[in-house]
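Here's upload19.csv, which has CSV, C-alpha atoms:
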chain,number,residue,atom,x,y,z
A,207,MET,CA,0.0,0.0,0.0
A,208,THR,CA,1.3,3.4,-0.9
A,209,PRO,CA,1.9,5.7,2.1
A,210,THR,CA,-0.5,8.6,2.4
A,211,THR,CA,-0.9,11.6,4.7
A,212,ALA,CA,-4.7,11.7,4.3
A,213,ASN,CA,-5.4,10.4,7.8
A,214,VAL,CA,-2.2,11.4,9.7
A,215,PHE,CA,-2.6,12.9,13.2
A,216,ASN,CA,0.0,15.1,14.8
A,217,LEU,CA,0.8,13.1,17.9
A,218,VAL,CA,3.0,15.9,19.4
A,219,THR,CA,0.1,18.4,19.3
A,220,LEU,CA,-2.4,15.8,20.7
A,221,TYR,CA,-0.1,15.0,23.6
A,222,LYS,CA,0.3,18.6,24.5
A,223,GLU,CA,-3.4,19.2,24.2
A,224,TYR,CA,-4.6,16.4,26.5
A,225,PHE,CA,-1.7,16.1,28.9
A,226,GLY,CA,-0.7,19.7,29.2
A,227,ARG,CA,3.0,19.2,28.6
A,228,GLY,CA,5.3,18.3,25.8
A,229,SER,CA,6.5,14.8,24.9
A,230,TYR,CA,10.1,13.7,24.4
A,231,TYR,CA,12.1,11.1,22.5
A,232,VAL,CA,15.4,9.4,23.0
A,233,ASP,CA,18.0,9.9,20.2
A,234,ASN,CA,20.6,7.4,19.1
A,235,SER,CA,23.0,8.5,21.8
A,236,GLY,CA,20.5,7.8,24.5
A,237,VAL,CA,19.8,11.5,25.3
A,238,ALA,CA,16.1,12.5,25.9
A,239,LYS,CA,15.1,15.5,23.8
A,240,PRO,CA,11.8,17.3,23.5
A,241,ALA,CA,9.7,16.2,20.5
A,242,GLU,CA,8.8,19.1,18.2
A,243,GLU,CA,7.8,17.1,15.1
A,244,ILE,CA,7.3,13.4,14.2
A,245,LEU,CA,8.8,12.2,11.0
A,246,TYR,CA,6.7,9.3,9.7
A,247,SER,CA,8.7,6.6,8.0
A,248,GLY,CA,8.0,6.2,4.3
A,249,LEU,CA,6.2,9.5,4.0
A,250,PRO,CA,8.0,12.2,2.0
A,251,GLN,CA,8.3,15.5,3.7
A,252,ASN,CA,7.0,18.6,1.9
A,253,PRO,CA,10.0,20.8,1.0
A,254,ASN,CA,7.7,23.8,0.5
A,255,PRO,CA,5.3,23.9,3.4
A,256,ARG,CA,2.5,26.4,3.7
A,257,GLY,CA,3.8,29.9,3.9
A,258,THR,CA,6.7,29.3,1.5
A,259,LEU,CA,7.2,32.0,-1.1
A,260,HIS,CA,7.6,30.7,-4.7
A,261,TYR,CA,9.6,32.5,-7.3
A,262,GLY,CA,9.9,32.1,-11.1
A,263,GLY,CA,13.1,30.9,-12.7
A,264,ARG,CA,12.9,33.4,-15.6
A,265,ARG,CA,13.3,36.7,-13.7
A,266,GLY,CA,12.7,35.7,-10.1
A,267,GLN,CA,9.2,37.1,-10.1
A,268,GLN,CA,7.1,36.2,-7.1
A,269,PHE,CA,4.1,33.8,-7.7
A,270,ASN,CA,2.4,34.1,-4.3
A,271,LYS,CA,2.4,36.2,-1.1
A,272,ILE,CA,1.2,35.8,2.4
A,273,GLY,CA,-2.0,37.6,3.4
A,274,SER,CA,-2.7,39.6,6.6
A,275,TYR,CA,-4.0,36.5,8.3
A,276,GLY,CA,-1.3,34.2,7.2
A,277,GLN,CA,-3.1,32.7,4.2
A,278,ASP,CA,-1.4,31.9,0.9
A,279,ILE,CA,-2.5,34.3,-1.9
A,280,TRP,CA,-1.6,32.8,-5.3
A,281,PHE,CA,-1.0,34.7,-8.5
A,282,PRO,CA,-1.9,38.2,-7.4
A,283,ILE,CA,-1.2,41.1,-9.8
A,284,GLU,CA,-0.3,44.7,-9.5
A,285,LEU,CA,-1.2,47.5,-12.0
A,286,ARG,CA,1.0,50.5,-12.2
A,287,GLY,CA,0.7,53.7,-14.2
A,288,TYR,CA,0.3,57.5,-14.0
A,289,ARG,CA,-2.5,60.0,-14.1
A,290,VAL,CA,-2.2,63.8,-14.7
A,291,ASP,CA,-3.6,65.7,-11.8
A,292,LYS,CA,-5.2,69.2,-11.8
A,293,SER,CA,-1.9,70.9,-11.7
A,294,GLY,CA,-0.6,69.1,-14.7
A,295,GLU,CA,1.8,66.9,-12.7
A,296,LEU,CA,2.1,63.1,-13.1
A,297,GLN,CA,0.7,61.2,-10.2
A,298,GLU,CA,1.7,57.5,-9.8
A,299,ILE,CA,-1.0,54.9,-9.5
A,300,ILE,CA,-0.2,51.5,-7.8
A,301,LEU,CA,-3.2,49.2,-7.6
A,302,PRO,CA,-2.6,45.7,-6.1
A,303,ILE,CA,-5.3,43.1,-6.8
A,304,ASP,CA,-5.1,39.9,-4.8
A,305,ILE,CA,-8.3,38.2,-5.8
A,306,CYS,CA,-8.3,37.7,-9.6
A,307,THR,CA,-7.9,35.3,-12.4
A,308,VAL,CA,-5.8,35.9,-15.5
A,309,SER,CA,-6.3,34.2,-18.9
A,310,VAL,CA,-3.8,34.6,-21.7
A,311,ASN,CA,-4.5,34.4,-25.4
A,312,LEU,CA,-1.6,34.0,-27.9
A,313,VAL,CA,-2.3,34.6,-31.5
A,314,SER,CA,-0.1,34.3,-34.6
A,315,ASN,CA,-0.9,35.8,-38.0
A,316,ILE,CA,-0.5,33.1,-40.5
A,317,VAL,CA,-0.9,33.3,-44.3
A,318,SER,CA,-2.0,30.0,-45.9
A,319,THR,CA,-1.3,29.6,-49.6
A,320,PRO,CA,-2.8,26.7,-51.5
A,321,VAL,CA,-0.5,24.7,-53.8
A,322,VAL,CA,-1.7,23.3,-57.2
A,323,GLU,CA,-2.4,19.6,-57.2
A,324,ARG,CA,-1.1,19.2,-53.6
A,325,LYS,CA,-2.8,18.4,-50.4
A,326,GLY,CA,-2.8,21.1,-47.8
A,327,THR,CA,-1.4,24.6,-47.9
A,328,VAL,CA,1.9,26.4,-47.4
A,329,ASN,CA,1.7,28.2,-44.0
A,330,GLU,CA,3.8,31.3,-43.4
A,331,ILE,CA,4.0,33.0,-40.0
A,332,VAL,CA,3.8,36.7,-40.9
A,333,SER,CA,3.8,38.1,-37.3
A,334,ILE,CA,3.0,37.3,-33.8
A,335,ASP,CA,0.1,39.4,-32.4
A,336,ASP,CA,0.1,41.2,-29.1
A,337,TYR,CA,-0.5,38.9,-26.1
A,338,LYS,CA,-4.0,39.4,-24.8
A,339,PHE,CA,-4.7,39.2,-21.0
A,340,THR,CA,-8.3,38.9,-19.6
A,341,ILE,CA,-8.3,39.8,-16.0
A,342,ARG,CA,-11.4,39.1,-13.8
A,343,GLY,CA,-11.2,40.1,-10.2
A,344,PHE,CA,-12.6,42.0,-7.3
A,345,LEU,CA,-11.9,45.4,-5.8
A,346,ILE,CA,-12.2,45.1,-2.0
A,347,ASP,CA,-12.2,47.8,0.6
A,348,LYS,CA,-10.6,46.5,3.9
A,349,ASN,CA,-12.8,48.9,5.9
A,350,ARG,CA,-16.0,47.6,4.4
A,351,LYS,CA,-16.7,50.8,2.5
A,352,VAL,CA,-17.4,51.2,-1.2
A,353,PRO,CA,-13.9,50.9,-2.9
A,354,ASP,CA,-14.5,54.1,-4.9
A,355,GLN,CA,-10.8,55.1,-4.9
A,356,GLN,CA,-9.8,51.7,-6.4
A,357,ILE,CA,-12.5,52.1,-9.0
A,358,LEU,CA,-11.3,55.6,-10.0
A,359,ASP,CA,-7.7,54.3,-10.1
A,360,LEU,CA,-8.6,51.6,-12.5
A,361,VAL,CA,-10.6,54.0,-14.7
A,362,ASP,CA,-7.7,56.4,-14.7
A,363,LEU,CA,-5.3,53.7,-15.7
A,364,LYS,CA,-7.5,52.6,-18.5
A,365,GLU,CA,-7.9,56.2,-19.9
A,366,SER,CA,-4.4,57.4,-19.2
A,367,THR,CA,-2.1,58.0,-22.3
A,368,GLU,CA,1.0,57.5,-20.1
A,369,GLU,CA,2.8,54.2,-19.8
A,370,LYS,CA,1.1,51.4,-17.8
A,371,PHE,CA,2.4,48.2,-16.5
A,372,LEU,CA,1.2,44.7,-15.4
A,373,HIS,CA,3.2,43.0,-12.7
A,374,GLY,CA,2.7,39.5,-11.2
A,375,GLY,CA,4.4,36.2,-11.3
A,376,TYR,CA,2.0,34.6,-13.8
A,377,PRO,CA,1.6,37.4,-16.4
A,378,GLU,CA,5.3,38.3,-16.3
A,379,LEU,CA,6.0,34.8,-17.8
A,380,PHE,CA,4.6,36.2,-21.1
A,381,LEU,CA,5.7,39.9,-20.9
A,382,ASP,CA,9.1,41.3,-21.6
A,383,LYS,CA,11.2,42.9,-18.8
A,384,THR,CA,9.3,46.2,-19.1
A,385,CYS,CA,5.9,44.6,-18.4
A,386,ARG,CA,4.3,47.4,-20.5
A,387,ILE,CA,0.7,47.0,-21.5
A,388,VAL,CA,-2.3,48.9,-23.0
A,389,ILE,CA,-5.9,48.5,-21.7
A,390,PRO,CA,-8.5,48.4,-24.5
A,391,ASP,CA,-11.5,47.3,-22.4
A,392,LEU,CA,-12.8,47.7,-18.8
A,393,GLU,CA,-16.1,46.5,-17.5
A,394,PHE,CA,-17.8,46.8,-14.1
A,395,PRO,CA,-20.7,44.2,-14.3
A,396,GLU,CA,-24.0,44.7,-12.6
A,397,VAL,CA,-24.1,43.3,-9.1
A,398,GLN,CA,-27.3,42.5,-7.1
A,399,GLY,CA,-27.5,41.3,-3.5
A,400,LYS,CA,-23.8,41.3,-2.8
A,401,ASN,CA,-21.6,43.1,-0.3
A,402,HIS,CA,-21.1,46.8,-1.2
A,403,TRP,CA,-17.4,46.7,-0.4
A,404,ILE,CA,-16.7,44.1,-3.0
A,405,ARG,CA,-16.9,45.3,-6.7
A,406,PRO,CA,-16.1,42.9,-9.5
A,407,PHE,CA,-14.5,44.0,-12.8
A,408,THR,CA,-13.4,42.5,-16.1
A,409,MET,CA,-10.5,44.0,-17.9
A,410,THR,CA,-8.7,43.2,-21.2
A,411,CYS,CA,-5.0,44.1,-21.5
A,412,LYS,CA,-2.6,43.7,-24.4
A,413,SER,CA,1.2,43.6,-24.4
A,414,ASP,CA,2.9,46.6,-25.7
A,415,PHE,CA,6.2,45.3,-27.0
A,416,ILE,CA,7.0,47.8,-29.7
A,417,VAL,CA,7.9,51.3,-28.5
A,418,ASP,CA,9.6,52.8,-31.5
A,419,LEU,CA,9.5,52.5,-35.3
A,420,ASN,CA,12.5,52.8,-37.7
A,421,PHE,CA,11.7,54.1,-41.2
A,422,ARG,CA,14.3,53.4,-43.9
Spit out the file's structure as structure tokens when you get a sec.
Amino acid sequence: MTPTTANVFNLVTLYKEYFGRGSYYVDNSGVAKPAEEILYSGLPQNPNPRGTLHYGGRRGQQFNKIGSYGQDIWFPIELRGYRVDKSGELQEIILPIDICTVSVNLVSNIVSTPVVERKGTVNEIVSIDDYKFTIRGFLIDKNRKVPDQQILDLVDLKESTEEKFLHGGYPELFLDKTCRIVIPDLEFPEVQGKNHWIRPFTMTCKSDFIVDLNFR
């Protein structure tokens, strides 16, 4: 039978809970030592227990983070950009979004040419289109108020003509080192009977790889 941890009990914790004091064990040299953790024979130990931060191998980007209550938050994103304030100065926008999903659509422009008296076509990759990201998430106010400032920040990012960036361990796998994007679409769907401090949104982003053109 293959060893499993499905029904494993932590005997050290149970001993402390019922007897009010810690247990001990005797090592190979005959010395009694307090037992902190029991290693079960045949069961592999998890090298990355809960609370471990995971990083990507490409640029060392972080895939998860630890929340305020110690929970693992996987694949959060952060949007960055600028708005122009009333005085004409640039004001930085940093909008972290912890609860979201990100889908990625990769499209290549291919020209297919039929060949006389041959089966199939000749396919030529003309170009690779911008990577398209669809982000569905929630704007949440920690003080249980309407997240109006987050909504305004998201709208300003969408409408801004300044550079904007998408950061996060998962989307950065597909972006270049600048993480520059454009935002064609932003939607705040209708919500009925839900908490007023949680506002959903759907946003479409596209990678912005080309920053200059050379004419010859």
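For the pair atom CA of His373 of chain A and atom CA of Gly266 of chain A, the separation is 12.3 Å.
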- Message: List as a list in words the protein and nucleic acid residues near segment 388-402 of chain A, meaning an atom at most 6 Å away when all atoms listed in the file are counted, but skip any in the same chain fewer than 3 places from it.
- Response: Val352, Lys364, Phe407, Thr408, Met409, Thr410, Cys411 and Lys412 of chain A
- Message: Could you check the closest approach to Arg386 of chain A for each of A:Phe344, A:Tyr230, A:Tyr337, A:Trp403 and tell me which residue wins, using all atoms listed in the file?
- Response: A:Tyr337
- Please determine the residues with any atom at most 12 Å from (3.3, 57.8, -17.1) (coordinates as given in the file, with all atoms listed in the file counting) and report them as a PyMOL selection string. chain A and resi 286-291+295-300+362-363+365-371+386-387
